[in-house]
$ cat start-v4.pdb   # PDB, C-alpha atoms
ATOM      1  CA  MET A   1      16.621  59.301 115.170
ATOM      2  CA  THR A   2      14.978  61.421 117.821
ATOM      3  CA  GLU A   3      12.757  64.245 116.686
ATOM      4  CA  LYS A   4      14.474  67.604 117.187
ATOM      5  CA  LYS A   5      12.778  70.980 117.419
ATOM      6  CA  ILE A   6      14.166  74.451 116.920
ATOM      7  CA  GLU A   7      12.642  77.880 117.216
ATOM      8  CA  ILE A   8      13.158  80.071 114.169
ATOM      9  CA  LYS A   9      12.895  83.852 114.338
ATOM     10  CA  GLY A  10      12.125  85.822 111.232
ATOM     11  CA  ARG A  11       9.655  88.003 109.430
ATOM     12  CA  ASP A  12       6.213  86.777 108.409
ATOM     13  CA  LEU A  13       6.036  87.386 104.666
ATOM     14  CA  GLY A  14       2.262  87.838 104.825
ATOM     15  CA  SER A  15       2.113  90.488 107.529
ATOM     16  CA  GLY A  16       5.688  91.788 107.395
ATOM     17  CA  LEU A  17       5.864  91.499 111.191
ATOM     18  CA  PRO A  18       8.457  89.595 113.238
ATOM     19  CA  LYS A  19       7.375  86.044 114.035
ATOM     20  CA  ASN A  20       8.724  82.988 115.850
ATOM     21  CA  ILE A  21       7.860  79.476 114.712
ATOM     22  CA  THR A  22       9.013  76.042 115.826
ATOM     23  CA  ILE A  23      10.031  73.530 113.194
ATOM     24  CA  THR A  24      10.858  69.862 113.616
ATOM     25  CA  SER A  25      13.621  67.765 112.114
ATOM     26  CA  SER A  26      11.017  65.713 110.228
ATOM     27  CA  GLU A  27       9.644  68.907 108.619
ATOM     28  CA  VAL A  28      13.154  69.863 107.514
ATOM     29  CA  GLN A  29      13.764  66.334 106.234
ATOM     30  CA  HIS A  30      10.532  66.420 104.232
ATOM     31  CA  ALA A  31      11.436  69.823 102.754
ATOM     32  CA  MET A  32      14.854  68.505 101.661
ATOM     33  CA  GLU A  33      13.790  65.093 100.293
ATOM     34  CA  GLU A  34      13.438  66.112  96.650
ATOM     35  CA  SER A  35      16.730  68.023  96.580
ATOM     36  CA  ILE A  36      18.616  65.186  98.232
ATOM     37  CA  GLY A  37      17.041  62.752  95.770
ATOM     38  CA  ASP A  38      18.314  64.974  92.951
ATOM     39  CA  ILE A  39      21.816  64.954  94.462
ATOM     40  CA  ILE A  40      21.784  61.147  94.644
ATOM     41  CA  ASP A  41      20.552  60.903  91.038
ATOM     42  CA  ILE A  42      23.334  63.234  89.817
ATOM     43  CA  ILE A  43      25.983  61.241  91.696
ATOM     44  CA  LYS A  44      24.703  58.003  90.133
ATOM     45  CA  ALA A  45      24.569  59.537  86.634
ATOM     46  CA  THR A  46      28.120  60.849  87.042
ATOM     47  CA  LEU A  47      29.364  57.446  88.180
ATOM     48  CA  GLU A  48      27.694  55.805  85.155
ATOM     49  CA  LYS A  49      29.618  58.160  82.824
ATOM     50  CA  THR A  50      32.914  57.715  84.667
ATOM     51  CA  PRO A  51      35.665  55.874  82.740
ATOM     52  CA  PRO A  52      36.322  52.359  84.150
ATOM     53  CA  GLU A  53      39.841  53.121  85.389
ATOM     54  CA  LEU A  54      38.596  56.114  87.393
ATOM     55  CA  ALA A  55      35.521  54.207  88.601
ATOM     56  CA  SER A  56      37.751  51.490  90.066
ATOM     57  CA  ASP A  57      39.714  54.164  91.971
ATOM     58  CA  ILE A  58      36.467  55.605  93.327
ATOM     59  CA  MET A  59      35.266  52.122  94.319
ATOM     60  CA  GLU A  60      38.527  51.568  96.185
ATOM     61  CA  LYS A  61      39.050  54.989  97.765
ATOM     62  CA  GLY A  62      35.444  56.180  98.010
ATOM     63  CA  ILE A  63      33.507  59.344  97.338
ATOM     64  CA  ILE A  64      34.470  62.521  99.190
ATOM     65  CA  LEU A  65      31.662  64.950 100.009
ATOM     66  CA  ALA A  66      32.680  68.619 100.135
ATOM     67  CA  GLY A  67      30.898  71.930 100.493
ATOM     68  CA  GLY A  68      27.993  72.835 102.733
ATOM     69  CA  GLY A  69      25.930  69.842 101.626
ATOM     70  CA  ALA A  70      28.534  67.540 103.168
ATOM     71  CA  LEU A  71      27.374  68.797 106.567
ATOM     72  CA  ILE A  72      23.828  67.473 106.094
ATOM     73  CA  GLU A  73      23.437  64.889 108.817
ATOM     74  CA  ASN A  74      23.709  61.304 107.502
ATOM     75  CA  LEU A  75      24.063  62.361 103.846
ATOM     76  CA  ASP A  76      27.306  60.378 103.668
ATOM     77  CA  LYS A  77      25.509  57.234 104.869
ATOM     78  CA  LEU A  78      22.670  57.739 102.379
ATOM     79  CA  VAL A  79      25.035  58.256  99.430
ATOM     80  CA  SER A  80      26.968  55.154 100.454
ATOM     81  CA  GLU A  81      23.757  53.144 100.729
ATOM     82  CA  LYS A  82      22.480  54.298  97.321
ATOM     83  CA  THR A  83      25.800  53.882  95.462
ATOM     84  CA  GLY A  84      27.299  50.899  97.278
ATOM     85  CA  MET A  85      30.543  52.842  97.667
ATOM     86  CA  PRO A  86      32.404  54.139 100.694
ATOM     87  CA  VAL A  87      31.664  57.820 101.311
ATOM     88  CA  PHE A  88      33.662  60.241 103.437
ATOM     89  CA  ILE A  89      33.269  63.874 104.451
ATOM     90  CA  ALA A  90      36.199  66.068 103.475
ATOM     91  CA  GLU A  91      38.272  67.681 106.159
ATOM     92  CA  ASP A  92      37.020  71.281 106.368
ATOM     93  CA  PRO A  93      34.261  70.687 103.777
ATOM     94  CA  LEU A  94      33.260  74.355 103.687
ATOM     95  CA  ASP A  95      36.774  75.426 102.728
ATOM     96  CA  CYS A  96      37.249  72.749 100.037
ATOM     97  CA  VAL A  97      35.138  74.469  97.407
ATOM     98  CA  VAL A  98      36.922  77.782  97.857
ATOM     99  CA  LYS A  99      40.368  76.164  97.861
ATOM    100  CA  GLY A 100      39.518  74.106  94.758
ATOM    101  CA  THR A 101      38.230  77.159  92.940
ATOM    102  CA  GLY A 102      41.403  79.022  93.882
ATOM    103  CA  LYS A 103      43.598  76.206  92.542
ATOM    104  CA  THR A 104      41.573  76.123  89.331
ATOM    105  CA  LEU A 105      42.013  79.864  88.838
ATOM    106  CA  GLU A 106      45.765  79.567  89.494
ATOM    107  CA  ASP A 107      46.093  77.011  86.694
ATOM    108  CA  LEU A 108      43.309  78.220  84.411
ATOM    109  CA  GLU A 109      45.312  77.962  81.171
ATOM    110  CA  ARG A 110      46.074  74.268  81.720
ATOM    111  CA  LEU A 111      42.491  73.461  82.767
ATOM    112  CA  LYS A 112      40.721  75.562  80.111
ATOM    113  CA  SER A 113      40.073  72.639  77.751
ATOM    114  CA  VAL A 114      38.578  70.515  80.519
ATOM    115  CA  LEU A 115      36.377  73.331  81.781
ATOM    116  CA  ILE A 116      35.200  74.316  78.306
ATOM    117  CA  ASN A 117      34.481  70.706  77.293
ATOM    118  CA  SER A 118      32.498  70.029  80.463
ATOM    119  CA  ARG A 119      30.187  72.969  79.669
ATOM    120  CA  LYS A 120      29.479  71.583  76.188
ATOM    121  CA  ARG A 121      28.389  68.184  77.581
ATOM    122  CA  ARG A 122      25.627  69.606  79.773
TER     123      ARG A 122
END
$ encode --input "start-v4.pdb" --output "structure tokens"
Amino acid sequence: MTEKKIEIKGRDLGSGLPKNITITSSEVQHAMEESIGDIIDIIKATLEKTPPELASDIMEKGIILAGGGALIENLDKLVSEKTGMPVFIAEDPLDCVVKGTGKTLEDLERLKSVLINSRKRR
């Protein structure tokens, strides 16, 4: 991957004055490493707790990444590499979370037991 650079404009928290800095893609990657590692660990832990019949469906059909994180370059490839499963990015990943939340709210009574039980397991 070629190193990319971008100029960021903002306010210096020390002086309070406007400031421009240039950051590189490797600096961004380094800053995100721990969080992405946490995401991978959570995916693996979730897969370990998944019932066998659902796990076989996931193995066959793959993992779908949704939300803003799905737009992180090469995250799908990394998740696939770490899990050994096919990974795809949802169509309109930014809208998926909102649409899913909306569907959940529309059918809240039916989903209440699932939502309440998932909070207890944490």
$ residues_around --input "start-v4.pdb" --residues "range 21-29 of chain A" --least-positions-apart "3" --cutoff "7 Å" --atoms "all atoms listed in the file" --output "number ranges by chain"
A: 3-9, 32-33
$ residues_around --input "start-v4.pdb" --residues "Ile40 in chain A" --least-positions-apart "6" --cutoff "10 Å" --atoms "all atoms listed in the file" --output "PyMOL selection string"
chain A and resi 34+46+75+78-80+82-83
$ write_last_selection --input "start-v4.pdb" --atoms "C-alpha atoms" --output "PDB file, in the coordinates of the input"
ATOM      1  CA  GLU A  34      13.438  66.112  96.650  1.00  0.00           C
ATOM      2  CA  THR A  46      28.120  60.849  87.042  1.00  0.00           C
ATOM      3  CA  LEU A  75      24.063  62.361 103.846  1.00  0.00           C
ATOM      4  CA  LEU A  78      22.670  57.739 102.379  1.00  0.00           C
ATOM      5  CA  VAL A  79      25.035  58.256  99.430  1.00  0.00           C
ATOM      6  CA  SER A  80      26.968  55.154 100.454  1.00  0.00           C
ATOM      7  CA  LYS A  82      22.480  54.298  97.321  1.00  0.00           C
ATOM      8  CA  THR A  83      25.800  53.882  95.462  1.00  0.00           C
TER       9      THR A  83
END
$ atom_distance --input "start-v4.pdb" --atom1 "CA of Gly100 in chain A" --atom2 "CA of Ala66 in chain A"
10.3 Å
$ atom_distance --input "start-v4.pdb" --atom1 "CA of Ile42 in chain A" --atom2 "CA of Gly62 in chain A"
16.2 Å
$ atom_distance --input "start-v4.pdb" --atom1 "CA of Gly68 in chain A" --atom2 "CA of Thr2 in chain A"
23.0 Å
$ closest_residue --input "start-v4.pdb" --among "A:Asp41, A:Ile72, A:Pro86, A:Leu47" --to "Glu60 in chain A" --atoms "all atoms listed in the file"
A:Pro86
$ resolve_selection --input "start-v4.pdb" --expression "the PyMOL selection byres ((chain A and resi 59) around 12)" --output "list in words"
Leu47, Thr50, Pro52, Glu53, Leu54, Ala55, Ser56, Asp57, Ile58, Glu60, Lys61, Gly62, Ile63, Ile64, Ser80, Thr83, Gly84, Met85, Pro86 and Val87 of chain A
$ closest_residue --input "start-v4.pdb" --among "A:Arg110, A:Thr104, A:Pro51, A:Leu71" --to "Glu91 in chain A" --atoms "all atoms listed in the file"
A:Leu71
$ closest_residue --input "start-v4.pdb" --among "A:Ser35, A:Leu94, A:Leu105, A:Ile89" --to "Asn74 in chain A" --atoms "all atoms listed in the file"
A:Ile89
$ resolve_selection --input "start-v4.pdb" --expression "the PyMOL selection byres ((chain A and resi 19) around 6)" --output "number ranges by chain"
A: 9-12, 18, 20
$ closest_residue --input "start-v4.pdb" --among "A:Leu65, A:Leu13, A:Leu108, A:Ala31" --to "Asp92 in chain A" --atoms "only C-alpha atoms"
A:Leu65
$ decode --input "start-v4.pdb" --residues "range 8-22 of chain A" --atoms "all heavy atoms" --output "mmCIF file, in the first residue's frame"
data_model
loop_
_atom_site.group_PDB
_atom_site.id
_atom_site.type_symbol
_atom_site.label_atom_id
_atom_site.label_comp_id
_atom_site.auth_asym_id
_atom_site.auth_seq_id
_atom_site.Cartn_x
_atom_site.Cartn_y
_atom_site.Cartn_z
ATOM 1 N N ILE A 8 -4.717 18.246 7.572
ATOM 2 C CA ILE A 8 -5.850 18.395 8.474
ATOM 3 C C ILE A 8 -5.838 19.810 9.039
ATOM 4 O O ILE A 8 -4.806 20.297 9.486
ATOM 5 C CB ILE A 8 -5.756 17.397 9.655
ATOM 6 C CG1 ILE A 8 -5.613 15.966 9.158
ATOM 7 C CG2 ILE A 8 -6.930 17.541 10.605
ATOM 8 C CD1 ILE A 8 -6.817 15.423 8.455
ATOM 9 N N LYS A 9 -6.996 20.455 9.002
ATOM 10 C CA LYS A 9 -7.123 21.801 9.557
ATOM 11 C C LYS A 9 -7.955 21.728 10.824
ATOM 12 O O LYS A 9 -8.978 21.069 10.856
ATOM 13 C CB LYS A 9 -7.796 22.734 8.549
ATOM 14 C CG LYS A 9 -7.020 22.868 7.264
ATOM 15 C CD LYS A 9 -7.783 23.673 6.237
ATOM 16 C CE LYS A 9 -6.978 23.694 4.940
ATOM 17 N NZ LYS A 9 -7.593 24.506 3.927
ATOM 18 N N GLY A 10 -7.475 22.374 11.856
ATOM 19 C CA GLY A 10 -8.218 22.354 13.108
ATOM 20 C C GLY A 10 -7.663 23.373 14.079
ATOM 21 O O GLY A 10 -6.952 24.302 13.690
ATOM 22 N N ARG A 11 -7.993 23.177 15.332
ATOM 23 C CA ARG A 11 -7.541 24.094 16.367
ATOM 24 C C ARG A 11 -6.535 23.377 17.250
ATOM 25 O O ARG A 11 -6.750 22.260 17.700
ATOM 26 C CB ARG A 11 -8.739 24.550 17.206
ATOM 27 C CG ARG A 11 -8.397 25.604 18.242
ATOM 28 C CD ARG A 11 -9.632 26.196 18.899
ATOM 29 N NE ARG A 11 -10.557 25.213 19.411
ATOM 30 C CZ ARG A 11 -10.543 24.750 20.655
ATOM 31 N NH1 ARG A 11 -9.646 25.149 21.516
ATOM 32 N NH2 ARG A 11 -11.443 23.863 21.045
ATOM 33 N N ASP A 12 -5.416 24.007 17.493
ATOM 34 C CA ASP A 12 -4.392 23.482 18.393
ATOM 35 C C ASP A 12 -4.941 23.566 19.808
ATOM 36 O O ASP A 12 -5.274 24.652 20.294
ATOM 37 C CB ASP A 12 -3.114 24.306 18.241
ATOM 38 C CG ASP A 12 -1.976 23.768 19.076
ATOM 39 O OD1 ASP A 12 -2.175 23.540 20.288
ATOM 40 O OD2 ASP A 12 -0.885 23.596 18.508
ATOM 41 N N LEU A 13 -5.059 22.435 20.479
ATOM 42 C CA LEU A 13 -5.634 22.432 21.823
ATOM 43 C C LEU A 13 -4.745 23.140 22.836
ATOM 44 O O LEU A 13 -5.231 23.642 23.844
ATOM 45 C CB LEU A 13 -5.917 20.994 22.279
ATOM 46 C CG LEU A 13 -7.024 20.281 21.512
ATOM 47 C CD1 LEU A 13 -7.172 18.841 22.007
ATOM 48 C CD2 LEU A 13 -8.341 21.010 21.640
ATOM 49 N N GLY A 14 -3.449 23.187 22.570
ATOM 50 C CA GLY A 14 -2.528 23.865 23.487
ATOM 51 C C GLY A 14 -2.654 25.375 23.416
ATOM 52 O O GLY A 14 -2.786 26.064 24.432
ATOM 53 N N SER A 15 -2.641 25.906 22.198
ATOM 54 C CA SER A 15 -2.660 27.363 22.038
ATOM 55 C C SER A 15 -4.056 27.911 21.764
ATOM 56 O O SER A 15 -4.299 29.100 21.932
ATOM 57 C CB SER A 15 -1.735 27.770 20.884
ATOM 58 O OG SER A 15 -2.276 27.318 19.640
ATOM 59 N N GLY A 16 -4.961 27.047 21.302
ATOM 60 C CA GLY A 16 -6.307 27.505 20.955
ATOM 61 C C GLY A 16 -6.370 28.151 19.582
ATOM 62 O O GLY A 16 -7.433 28.579 19.139
ATOM 63 N N LEU A 17 -5.245 28.208 18.882
ATOM 64 C CA LEU A 17 -5.180 28.854 17.574
ATOM 65 C C LEU A 17 -5.392 27.844 16.449
ATOM 66 O O LEU A 17 -5.096 26.653 16.611
ATOM 67 C CB LEU A 17 -3.821 29.537 17.401
ATOM 68 C CG LEU A 17 -3.498 30.645 18.415
ATOM 69 C CD1 LEU A 17 -2.056 31.115 18.238
ATOM 70 C CD2 LEU A 17 -4.473 31.798 18.258
ATOM 71 N N PRO A 18 -5.871 28.323 15.287
ATOM 72 C CA PRO A 18 -6.001 27.429 14.135
ATOM 73 C C PRO A 18 -4.630 26.869 13.735
ATOM 74 O O PRO A 18 -3.611 27.545 13.873
ATOM 75 C CB PRO A 18 -6.539 28.337 13.030
ATOM 76 C CG PRO A 18 -7.097 29.526 13.723
ATOM 77 C CD PRO A 18 -6.314 29.687 14.989
ATOM 78 N N LYS A 19 -4.634 25.620 13.267
ATOM 79 C CA LYS A 19 -3.372 24.986 12.895
ATOM 80 C C LYS A 19 -3.624 23.942 11.809
ATOM 81 O O LYS A 19 -4.659 23.289 11.804
ATOM 82 C CB LYS A 19 -2.743 24.319 14.121
ATOM 83 C CG LYS A 19 -1.388 23.717 13.870
ATOM 84 C CD LYS A 19 -0.788 23.186 15.173
ATOM 85 C CE LYS A 19 0.610 22.650 14.914
ATOM 86 N NZ LYS A 19 1.235 22.185 16.167
ATOM 87 N N ASN A 20 -2.688 23.822 10.899
ATOM 88 C CA ASN A 20 -2.722 22.786 9.863
ATOM 89 C C ASN A 20 -1.606 21.794 10.165
ATOM 90 O O ASN A 20 -0.487 22.190 10.480
ATOM 91 C CB ASN A 20 -2.479 23.370 8.474
ATOM 92 C CG ASN A 20 -3.574 24.317 8.036
ATOM 93 O OD1 ASN A 20 -4.593 24.447 8.695
ATOM 94 N ND2 ASN A 20 -3.361 24.979 6.921
ATOM 95 N N ILE A 21 -1.928 20.503 10.065
ATOM 96 C CA ILE A 21 -0.887 19.484 10.179
ATOM 97 C C ILE A 21 -1.093 18.478 9.054
ATOM 98 O O ILE A 21 -2.192 18.353 8.506
ATOM 99 C CB ILE A 21 -0.889 18.758 11.544
ATOM 100 C CG1 ILE A 21 -2.211 18.012 11.772
ATOM 101 C CG2 ILE A 21 -0.601 19.711 12.683
ATOM 102 C CD1 ILE A 21 -2.165 17.044 12.946
ATOM 103 N N THR A 22 -0.044 17.769 8.712
ATOM 104 C CA THR A 22 -0.129 16.704 7.717
ATOM 105 C C THR A 22 0.050 15.381 8.431
ATOM 106 O O THR A 22 0.979 15.212 9.220
ATOM 107 C CB THR A 22 0.958 16.888 6.636
ATOM 108 O OG1 THR A 22 0.769 18.164 6.016
ATOM 109 C CG2 THR A 22 0.874 15.810 5.585
#
